[in-house]
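J.: my_file.cif (mmCIF, C-alpha atoms) pasted underneath:
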data_run
#
loop_
_atom_site.group_PDB
_atom_site.id
_atom_site.type_symbol
_atom_site.label_atom_id
_atom_site.label_comp_id
_atom_site.auth_asym_id
_atom_site.auth_seq_id
_atom_site.Cartn_x
_atom_site.Cartn_y
_atom_site.Cartn_z
ATOM 1 C CA MET A 11 -26.762 14.725 36.272
ATOM 2 C CA ALA A 12 -23.940 13.474 34.044
ATOM 3 C CA GLU A 13 -22.425 15.958 31.671
ATOM 4 C CA THR A 14 -23.092 15.200 28.027
ATOM 5 C CA LYS A 15 -20.184 15.769 25.692
ATOM 6 C CA SER A 16 -21.023 17.536 22.480
ATOM 7 C CA PRO A 17 -19.915 15.740 19.311
ATOM 8 C CA GLY A 18 -16.787 17.025 17.611
ATOM 9 C CA PRO A 19 -16.914 18.866 14.320
ATOM 10 C CA LYS A 20 -18.263 16.773 11.475
ATOM 11 C CA LYS A 21 -15.571 15.776 9.006
ATOM 12 C CA GLU A 22 -16.034 17.044 5.493
ATOM 13 C CA LEU A 23 -16.438 14.294 2.899
ATOM 14 C CA ASP A 24 -15.729 14.679 -0.783
ATOM 15 C CA ALA A 25 -17.654 13.216 -3.722
ATOM 16 C CA ASN A 26 -15.852 9.868 -3.309
ATOM 17 C CA GLY A 27 -16.874 9.541 0.324
ATOM 18 C CA CYS A 28 -13.363 10.262 1.624
ATOM 19 C CA THR A 29 -12.475 12.761 4.321
ATOM 20 C CA VAL A 30 -10.889 15.754 2.641
ATOM 21 C CA ALA A 31 -7.093 15.548 3.100
ATOM 22 C CA GLN A 32 -4.183 17.788 2.255
ATOM 23 C CA MET A 33 -1.290 16.691 0.049
ATOM 24 C CA PRO A 34 1.413 15.244 2.348
ATOM 25 C CA THR A 35 4.893 16.694 2.446
ATOM 26 C CA ALA A 36 8.073 14.652 2.101
ATOM 27 C CA LYS A 37 9.396 13.038 5.253
ATOM 28 C CA SER A 38 12.879 11.776 6.014
ATOM 29 C CA VAL A 39 13.118 7.982 6.119
ATOM 30 C CA ASP A 40 16.232 5.875 6.596
ATOM 31 C CA VAL A 41 15.370 2.416 7.863
ATOM 32 C CA ASN A 42 17.695 -0.554 8.261
ATOM 33 C CA SER A 43 16.624 -3.745 6.516
ATOM 34 C CA PRO A 44 14.831 -6.326 8.700
ATOM 35 C CA THR A 45 16.979 -8.831 10.544
ATOM 36 C CA THR A 46 14.227 -11.434 11.026
ATOM 37 C CA GLN A 47 11.496 -12.968 8.895
ATOM 38 C CA LEU A 48 7.827 -13.508 9.606
ATOM 39 C CA ASP A 49 6.749 -16.921 10.856
ATOM 40 C CA PRO A 50 5.177 -18.643 7.811
ATOM 41 C CA GLU A 51 2.972 -20.713 10.121
ATOM 42 C CA LYS A 52 1.138 -17.588 11.314
ATOM 43 C CA THR A 53 -1.258 -15.221 9.575
ATOM 44 C CA HIS A 54 0.105 -11.688 9.307
ATOM 45 C CA VAL A 55 -2.295 -8.866 8.490
ATOM 46 C CA VAL A 56 -1.526 -5.212 7.821
ATOM 47 C CA THR A 57 -4.329 -2.759 8.578
ATOM 48 C CA MET A 58 -4.160 0.505 6.666
ATOM 49 C CA VAL A 59 -6.359 3.299 7.966
ATOM 50 C CA THR A 60 -6.924 5.887 5.262
ATOM 51 C CA ASN A 61 -9.088 8.968 4.861
ATOM 52 C CA CYS A 62 -11.220 6.792 2.559
ATOM 53 C CA GLY A 63 -11.699 4.023 5.130
ATOM 54 C CA GLU A 64 -9.783 0.980 6.302
ATOM 55 C CA PHE A 65 -8.442 -1.936 4.298
ATOM 56 C CA LYS A 66 -6.410 -4.996 5.248
ATOM 57 C CA ILE A 67 -3.547 -6.795 3.523
ATOM 58 C CA GLU A 68 -2.780 -10.442 4.286
ATOM 59 C CA LEU A 69 0.969 -10.862 3.856
ATOM 60 C CA ASP A 70 2.287 -13.905 1.984
ATOM 61 C CA ALA A 71 5.016 -14.981 4.401
ATOM 62 C CA GLU A 72 5.007 -18.533 3.053
ATOM 63 C CA ARG A 73 5.659 -17.988 -0.659
ATOM 64 C CA ASN A 74 7.302 -14.550 -0.520
ATOM 65 C CA PRO A 75 8.977 -14.428 2.900
ATOM 66 C CA ARG A 76 11.540 -11.683 2.284
ATOM 67 C CA THR A 77 9.093 -9.259 0.708
ATOM 68 C CA ALA A 78 6.333 -9.923 3.240
ATOM 69 C CA SER A 79 8.774 -9.519 6.135
ATOM 70 C CA SER A 80 10.132 -6.282 4.678
ATOM 71 C CA PHE A 81 6.613 -4.899 4.230
ATOM 72 C CA ALA A 82 5.743 -5.696 7.851
ATOM 73 C CA HIS A 83 9.014 -4.120 8.986
ATOM 74 C CA LEU A 84 8.248 -0.906 7.088
ATOM 75 C CA VAL A 85 4.806 -0.803 8.694
ATOM 76 C CA GLU A 86 6.283 -1.234 12.158
ATOM 77 C CA GLU A 87 8.824 1.517 11.485
ATOM 78 C CA GLY A 88 6.030 3.926 10.521
ATOM 79 C CA VAL A 89 7.282 4.403 6.974
ATOM 80 C CA TYR A 90 3.788 4.308 5.473
ATOM 81 C CA ASP A 91 2.129 6.619 7.985
ATOM 82 C CA GLY A 92 1.283 9.928 6.336
ATOM 83 C CA THR A 93 2.064 8.798 2.783
ATOM 84 C CA TRP A 94 -0.456 8.929 -0.055
ATOM 85 C CA PHE A 95 -1.440 7.116 -3.230
ATOM 86 C CA HIS A 96 0.517 9.241 -5.663
ATOM 87 C CA ARG A 97 -0.258 7.198 -8.799
ATOM 88 C CA ILE A 98 -3.669 5.903 -9.834
ATOM 89 C CA VAL A 99 -4.303 4.267 -13.210
ATOM 90 C CA PRO A 100 -7.829 3.056 -14.060
ATOM 91 C CA ASP A 101 -8.241 -0.721 -14.463
ATOM 92 C CA PHE A 102 -4.564 -1.104 -13.541
ATOM 93 C CA VAL A 103 -3.120 -0.101 -10.143
ATOM 94 C CA ILE A 104 -3.121 2.325 -7.250
ATOM 95 C CA GLN A 105 0.419 3.029 -6.035
ATOM 96 C CA GLY A 106 1.669 4.468 -2.750
ATOM 97 C CA GLY A 107 4.236 4.103 0.003
ATOM 98 C CA ASP A 108 6.617 6.870 -1.064
ATOM 99 C CA PRO A 109 7.936 9.019 1.807
ATOM 100 C CA ASN A 110 9.014 11.647 -0.749
ATOM 101 C CA ALA A 111 5.358 11.968 -1.819
ATOM 102 C CA ASP A 112 6.277 12.323 -5.510
ATOM 103 C CA GLY A 113 7.137 8.802 -6.681
ATOM 104 C CA THR A 114 10.911 9.103 -6.219
ATOM 105 C CA GLY A 115 11.450 7.911 -2.649
ATOM 106 C CA GLY A 116 12.111 4.686 -0.790
ATOM 107 C CA SER A 117 12.902 3.190 2.578
ATOM 108 C CA GLY A 118 16.688 3.521 2.609
ATOM 109 C CA TYR A 119 17.252 -0.151 1.748
ATOM 110 C CA ASN A 120 16.356 -2.612 -1.009
ATOM 111 C CA ILE A 121 15.716 -6.330 -1.083
ATOM 112 C CA VAL A 122 15.340 -8.702 -4.028
ATOM 113 C CA GLU A 123 12.881 -11.589 -4.210
ATOM 114 C CA PRO A 124 11.394 -12.574 -7.574
ATOM 115 C CA PRO A 125 7.623 -13.258 -7.378
ATOM 116 C CA THR A 126 6.399 -16.826 -6.997
ATOM 117 C CA CYS A 127 2.787 -16.417 -8.144
ATOM 118 C CA LYS A 128 0.642 -14.519 -10.622
ATOM 119 C CA TYR A 129 -0.796 -11.049 -10.189
ATOM 120 C CA ARG A 130 -4.525 -10.999 -9.542
ATOM 121 C CA ILE A 131 -6.948 -8.228 -8.706
ATOM 122 C CA GLY A 132 -6.159 -7.372 -5.089
ATOM 123 C CA THR A 133 -2.508 -8.423 -5.277
ATOM 124 C CA VAL A 134 -0.176 -6.119 -3.340
ATOM 125 C CA ALA A 135 3.193 -5.972 -5.086
ATOM 126 C CA MET A 136 6.269 -3.794 -4.834
ATOM 127 C CA ALA A 137 7.063 -1.066 -7.345
ATOM 128 C CA LYS A 138 10.478 -0.725 -8.959
ATOM 129 C CA THR A 139 12.137 1.150 -11.798
ATOM 130 C CA ALA A 140 12.843 -0.401 -15.176
ATOM 131 C CA ASN A 141 16.548 -0.497 -14.317
ATOM 132 C CA ASP A 142 16.078 -2.408 -11.063
ATOM 133 C CA PRO A 143 16.486 -6.198 -11.070
ATOM 134 C CA THR A 144 13.475 -8.484 -11.112
ATOM 135 C CA GLY A 145 11.916 -8.674 -7.648
ATOM 136 C CA ASN A 146 13.650 -5.566 -6.338
ATOM 137 C CA SER A 147 11.723 -3.549 -3.763
ATOM 138 C CA SER A 148 12.038 -0.706 -1.300
ATOM 139 C CA SER A 149 8.915 0.888 0.200
ATOM 140 C CA GLN A 150 6.690 1.784 -2.746
ATOM 141 C CA PHE A 151 3.888 -0.679 -3.409
ATOM 142 C CA TYR A 152 0.845 -0.989 -5.608
ATOM 143 C CA VAL A 153 -2.494 -2.747 -5.471
ATOM 144 C CA VAL A 154 -3.781 -4.370 -8.663
ATOM 145 C CA ILE A 155 -7.283 -2.969 -9.247
ATOM 146 C CA GLY A 156 -8.150 -4.209 -12.741
ATOM 147 C CA GLU A 157 -7.533 -6.696 -15.512
ATOM 148 C CA ASP A 158 -4.734 -4.611 -17.031
ATOM 149 C CA GLY A 159 -2.750 -5.146 -13.833
ATOM 150 C CA THR A 160 -3.049 -8.924 -14.053
ATOM 151 C CA ASP A 161 -1.099 -8.808 -17.333
ATOM 152 C CA LEU A 162 2.025 -7.317 -15.733
ATOM 153 C CA PRO A 163 5.246 -9.225 -16.477
ATOM 154 C CA PRO A 164 6.564 -11.270 -13.510
ATOM 155 C CA ASP A 165 9.051 -8.590 -12.475
ATOM 156 C CA TYR A 166 7.510 -7.253 -9.274
ATOM 157 C CA ALA A 167 7.899 -8.807 -5.833
ATOM 158 C CA ILE A 168 4.649 -9.750 -4.119
ATOM 159 C CA ALA A 169 3.916 -8.805 -0.510
ATOM 160 C CA GLY A 170 0.407 -10.219 -0.202
ATOM 161 C CA LYS A 171 -3.210 -9.504 -1.111
ATOM 162 C CA VAL A 172 -6.067 -7.288 -0.004
ATOM 163 C CA SER A 173 -8.190 -9.410 2.332
ATOM 164 C CA GLU A 174 -10.733 -6.800 3.503
ATOM 165 C CA GLY A 175 -11.844 -3.366 2.380
ATOM 166 C CA ASN A 176 -12.216 -3.736 -1.370
ATOM 167 C CA ASP A 177 -14.793 -0.957 -1.219
ATOM 168 C CA VAL A 178 -12.092 1.334 0.183
ATOM 169 C CA ILE A 179 -9.703 0.386 -2.615
ATOM 170 C CA GLU A 180 -12.452 1.215 -5.116
ATOM 171 C CA ARG A 181 -13.015 4.567 -3.403
ATOM 172 C CA ILE A 182 -9.314 5.409 -3.695
ATOM 173 C CA ALA A 183 -9.293 4.292 -7.330
ATOM 174 C CA ARG A 184 -11.980 6.896 -8.095
ATOM 175 C CA TYR A 185 -9.270 9.547 -7.732
ATOM 176 C CA ALA A 186 -7.914 8.405 -11.080
ATOM 177 C CA PRO A 187 -7.072 11.435 -13.221
ATOM 178 C CA ASP A 188 -8.566 12.089 -16.593
ATOM 179 C CA GLN A 189 -6.360 11.214 -19.554
ATOM 180 C CA ALA A 190 -5.341 14.818 -20.114
ATOM 181 C CA SER A 191 -3.657 15.115 -16.712
ATOM 182 C CA GLY A 192 -1.576 11.931 -16.849
ATOM 183 C CA GLU A 193 -1.331 9.816 -13.704
ATOM 184 C CA SER A 194 -1.496 12.537 -11.028
ATOM 185 C CA PRO A 195 -4.553 11.764 -8.872
ATOM 186 C CA SER A 196 -7.542 14.084 -8.800
ATOM 187 C CA GLY A 197 -7.647 13.944 -4.989
ATOM 188 C CA VAL A 198 -5.620 12.892 -1.962
ATOM 189 C CA ALA A 199 -5.994 9.387 -0.512
ATOM 190 C CA ILE A 200 -3.645 9.256 2.450
ATOM 191 C CA ILE A 201 -2.524 6.410 4.714
ATOM 192 C CA GLU A 202 -3.132 7.890 8.139
ATOM 193 C CA LYS A 203 -1.835 4.891 10.110
ATOM 194 C CA ALA A 204 -0.622 1.377 9.259
ATOM 195 C CA SER A 205 -0.241 -1.467 11.743
ATOM 196 C CA VAL A 206 0.488 -5.182 11.587
ATOM 197 C CA SER A 207 -0.849 -8.075 13.654
ATOM 198 C CA SER A 208 -0.047 -11.775 13.695
ATOM 199 C CA THR A 209 -2.239 -14.718 14.708
ATOM 200 C CA GLU A 210 -1.749 -18.488 14.901
#
Would you mind writing the file's structure down as structure tokens?
T.:
Amino acid sequence: MAETKSPGPKKELDANGCTVAQMPTAKSVDVNSPTTQLDPEKTHVVTMVTNCGEFKIELDAERNPRTASSFAHLVEEGVYDGTWFHRIVPDFVIQGGDPNADGTGGSGYNIVEPPTCKYRIGTVAMAKTANDPTGNSSSQFYVVIGEDGTDLPPDYAIAGKVSEGNDVIERIARYAPDQASGESPSGVAIIEKASVSSTE
């Protein structure tokens, strides 16, 4: 008679339906900039597995080749693995991709590519400081989750758009803090693993 394996321990879910996760610690990242660009004739999709579920980003290698290629490169180098969404603003954006875990970190390199299209709900664009040039990016990115985000000035490079998993994005967005606590999330939404695939 075959041995039946007992199921592993059931993962604890919080009120948002996410597996309870601990705040990540800073990790050392120093990545060289990519030396090649994505083939614009192919479809390139990043899959982000989070403790709130899985969502996919279709990279815009045709209109924003440098930014899309850099984003894919960062995924392949494991920069996003173990990082969290450290900034969540209702009806605006969720922001992540910082290896320092506090909003101050980056990849170790920067590229510049001004955006070529408008921000829409689901747009994945790159964060920058006010002093950085238009289209500057390192590793931090945000996802536009509401109408306030579509009114952003055309200063932020675009990597692509969310193509699957909008329900997961909404789950993460529920960690938005109340107004009294600023923009520090009320819970931890962590990117457990990111990967990229390309198809004809």
J.: What's around Val153 of chain A at 6 Å? Count all atoms listed in the file, leave out sequence neighbours fewer than 6 positions away in its own chain, and write the answer as an MDAnalysis selection string.
T.: chainID A and resid 103:104 132:134
J.: Which one is closest to Ile201 of chain A: A:Ala31, A:Met58, A:Val172, A:Leu48? Count only C-alpha atoms.
T.: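 Result for the nearest residue to Ile201 of chain A: A:Met58.
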J.: For the PyMOL selection byres ((chain A and resi 92) around 7), applied here, can you spell out every residue it catches as JSON, numbers by chain?
T.: {"A": [34, 90, 91, 93, 94, 200, 201, 202]}
J.: Selection in question (the file shown): the PyMOL selection byres ((chain A and resi 69-78) around 8). Which residues does it include, as a ChimeraX atom specification?
T.: /A:47-51,53-56,67-68,79-82,121-123,125-126,147,167-171
J.: At a cut-off of 10 Å around the point (18.8, -9.1, -11.3) (file coordinates), what residues fall inside when counting all atoms listed in the file? I'd like the answer as a list in words.
T.: Val122, Glu123, Pro124, Asn141, Asp142, Pro143, Thr144, Gly145, Asn146 and Asp165 of chain A
J.: With all atoms listed in the file as the atoms that count, which of A:Val41, A:Val30, A:Ala204, A:Phe151 lies nearest to Phe95 of chain A?
T.: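 Using all atoms listed in the file, Phe95 of chain A sits closest to A:Phe151.
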J.: Convert the output of the PyMOL selection byres ((chain A and resi 42) around 9) on the shown file into explicit residues, formatted as a PyMOL selection string.
T.: chain A and resi 40-41+43-45+117-119
J.: Could you give me, as a list in words, the residues that have an atom at most 12 Å away from the point (-7.6, 12.4, -11.5) in the coordinates of the file, using all atoms listed in the file?
T.: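 The answer, in the requested form, is Asn26, Phe95, His96, Arg97, Ile98, Val99, Pro100, Ile104, Ile182, Ala183, Arg184, Tyr185, Ala186, Pro187, Asp188, Gln189, Ala190, Ser191, Gly192, Glu193, Ser194, Pro195, Ser196, Gly197, Val198 and Ala199 of chain A.
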J.: Find, counting all atoms listed in the file, the residue in A:Ala135, A:Met33, A:Cys62, A:Val206 that gets nearest to Tyr152 of chain A.
T.: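 Using all atoms listed in the file, Tyr152 of chain A sits closest to A:Ala135.
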J.: Ranking A:Gly88, A:Cys127, A:Ile179, A:Gly63 by minimum distance to Gln105 of chain A and counting all atoms listed in the file, which one comes first?
T.: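 Once distances to Gln105 of chain A are computed over all atoms listed in the file, the minimum belongs to A:Ile179.
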J.: Measure the distance from atom CA of Val178 of chain A to atom CA of Ser205 of chain A in Å and round it to one decimal.
T.: 16.8 Å
J.: What's the separation between atom CA of Cys28 of chain A and atom CA of Asn61 of chain A, in Å to one decimal place?
T.: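 It comes out at 5.5 Å.
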J.: My structure is short of atoms at segment 102-117 of chain A; please model N, CA and C atoms there, returning them as a PDB file, in the coordinates of the input.
T.:
ATOM      1  N   PHE A 102      -5.959  -0.647 -13.614  1.00  0.00           N
ATOM      2  CA  PHE A 102      -4.564  -1.104 -13.541  1.00  0.00           C
ATOM      3  C   PHE A 102      -4.101  -1.181 -12.080  1.00  0.00           C
ATOM      4  N   VAL A 103      -3.638  -0.077 -11.516  1.00  0.00           N
ATOM      5  CA  VAL A 103      -3.120  -0.101 -10.143  1.00  0.00           C
ATOM      6  C   VAL A 103      -3.364   1.223  -9.425  1.00  0.00           C
ATOM      7  N   ILE A 104      -3.331   1.146  -8.080  1.00  0.00           N
ATOM      8  CA  ILE A 104      -3.121   2.325  -7.250  1.00  0.00           C
ATOM      9  C   ILE A 104      -1.766   2.117  -6.583  1.00  0.00           C
ATOM     10  N   GLN A 105      -0.955   3.156  -6.522  1.00  0.00           N
ATOM     11  CA  GLN A 105       0.419   3.029  -6.035  1.00  0.00           C
ATOM     12  C   GLN A 105       0.693   4.050  -4.931  1.00  0.00           C
ATOM     13  N   GLY A 106       1.352   3.592  -3.876  1.00  0.00           N
ATOM     14  CA  GLY A 106       1.669   4.468  -2.750  1.00  0.00           C
ATOM     15  C   GLY A 106       2.939   4.019  -2.051  1.00  0.00           C
ATOM     16  N   GLY A 107       3.107   4.522  -0.819  1.00  0.00           N
ATOM     17  CA  GLY A 107       4.236   4.103   0.003  1.00  0.00           C
ATOM     18  C   GLY A 107       5.509   4.885  -0.199  1.00  0.00           C
ATOM     19  N   ASP A 108       5.415   6.077  -0.815  1.00  0.00           N
ATOM     20  CA  ASP A 108       6.617   6.870  -1.064  1.00  0.00           C
ATOM     21  C   ASP A 108       6.743   7.996  -0.034  1.00  0.00           C
ATOM     22  N   PRO A 109       7.765   7.943   0.831  1.00  0.00           N
ATOM     23  CA  PRO A 109       7.936   9.019   1.807  1.00  0.00           C
ATOM     24  C   PRO A 109       8.255  10.372   1.184  1.00  0.00           C
ATOM     25  N   ASN A 110       8.746  10.380  -0.064  1.00  0.00           N
ATOM     26  CA  ASN A 110       9.014  11.647  -0.749  1.00  0.00           C
ATOM     27  C   ASN A 110       7.743  12.289  -1.300  1.00  0.00           C
ATOM     28  N   ALA A 111       6.674  11.507  -1.375  1.00  0.00           N
ATOM     29  CA  ALA A 111       5.358  11.968  -1.819  1.00  0.00           C
ATOM     30  C   ALA A 111       5.262  12.284  -3.309  1.00  0.00           C
ATOM     31  N   ASP A 112       6.309  11.986  -4.078  1.00  0.00           N
ATOM     32  CA  ASP A 112       6.277  12.323  -5.510  1.00  0.00           C
ATOM     33  C   ASP A 112       6.660  11.164  -6.427  1.00  0.00           C
ATOM     34  N   GLY A 113       6.797   9.964  -5.863  1.00  0.00           N
ATOM     35  CA  GLY A 113       7.137   8.802  -6.681  1.00  0.00           C
ATOM     36  C   GLY A 113       8.617   8.524  -6.812  1.00  0.00           C
ATOM     37  N   THR A 114       9.455   9.277  -6.082  1.00  0.00           N
ATOM     38  CA  THR A 114      10.911   9.103  -6.219  1.00  0.00           C
ATOM     39  C   THR A 114      11.568   8.487  -4.995  1.00  0.00           C
ATOM     40  N   GLY A 115      10.825   8.294  -3.920  1.00  0.00           N
ATOM     41  CA  GLY A 115      11.450   7.911  -2.649  1.00  0.00           C
ATOM     42  C   GLY A 115      11.408   6.427  -2.346  1.00  0.00           C
ATOM     43  N   GLY A 116      12.062   6.069  -1.246  1.00  0.00           N
ATOM     44  CA  GLY A 116      12.111   4.686  -0.790  1.00  0.00           C
ATOM     45  C   GLY A 116      12.406   4.623   0.690  1.00  0.00           C
ATOM     46  N   SER A 117      12.741   3.434   1.142  1.00  0.00           N
ATOM     47  CA  SER A 117      12.902   3.190   2.578  1.00  0.00           C
ATOM     48  C   SER A 117      14.317   3.417   3.094  1.00  0.00           C
TER      49      SER A 117
END
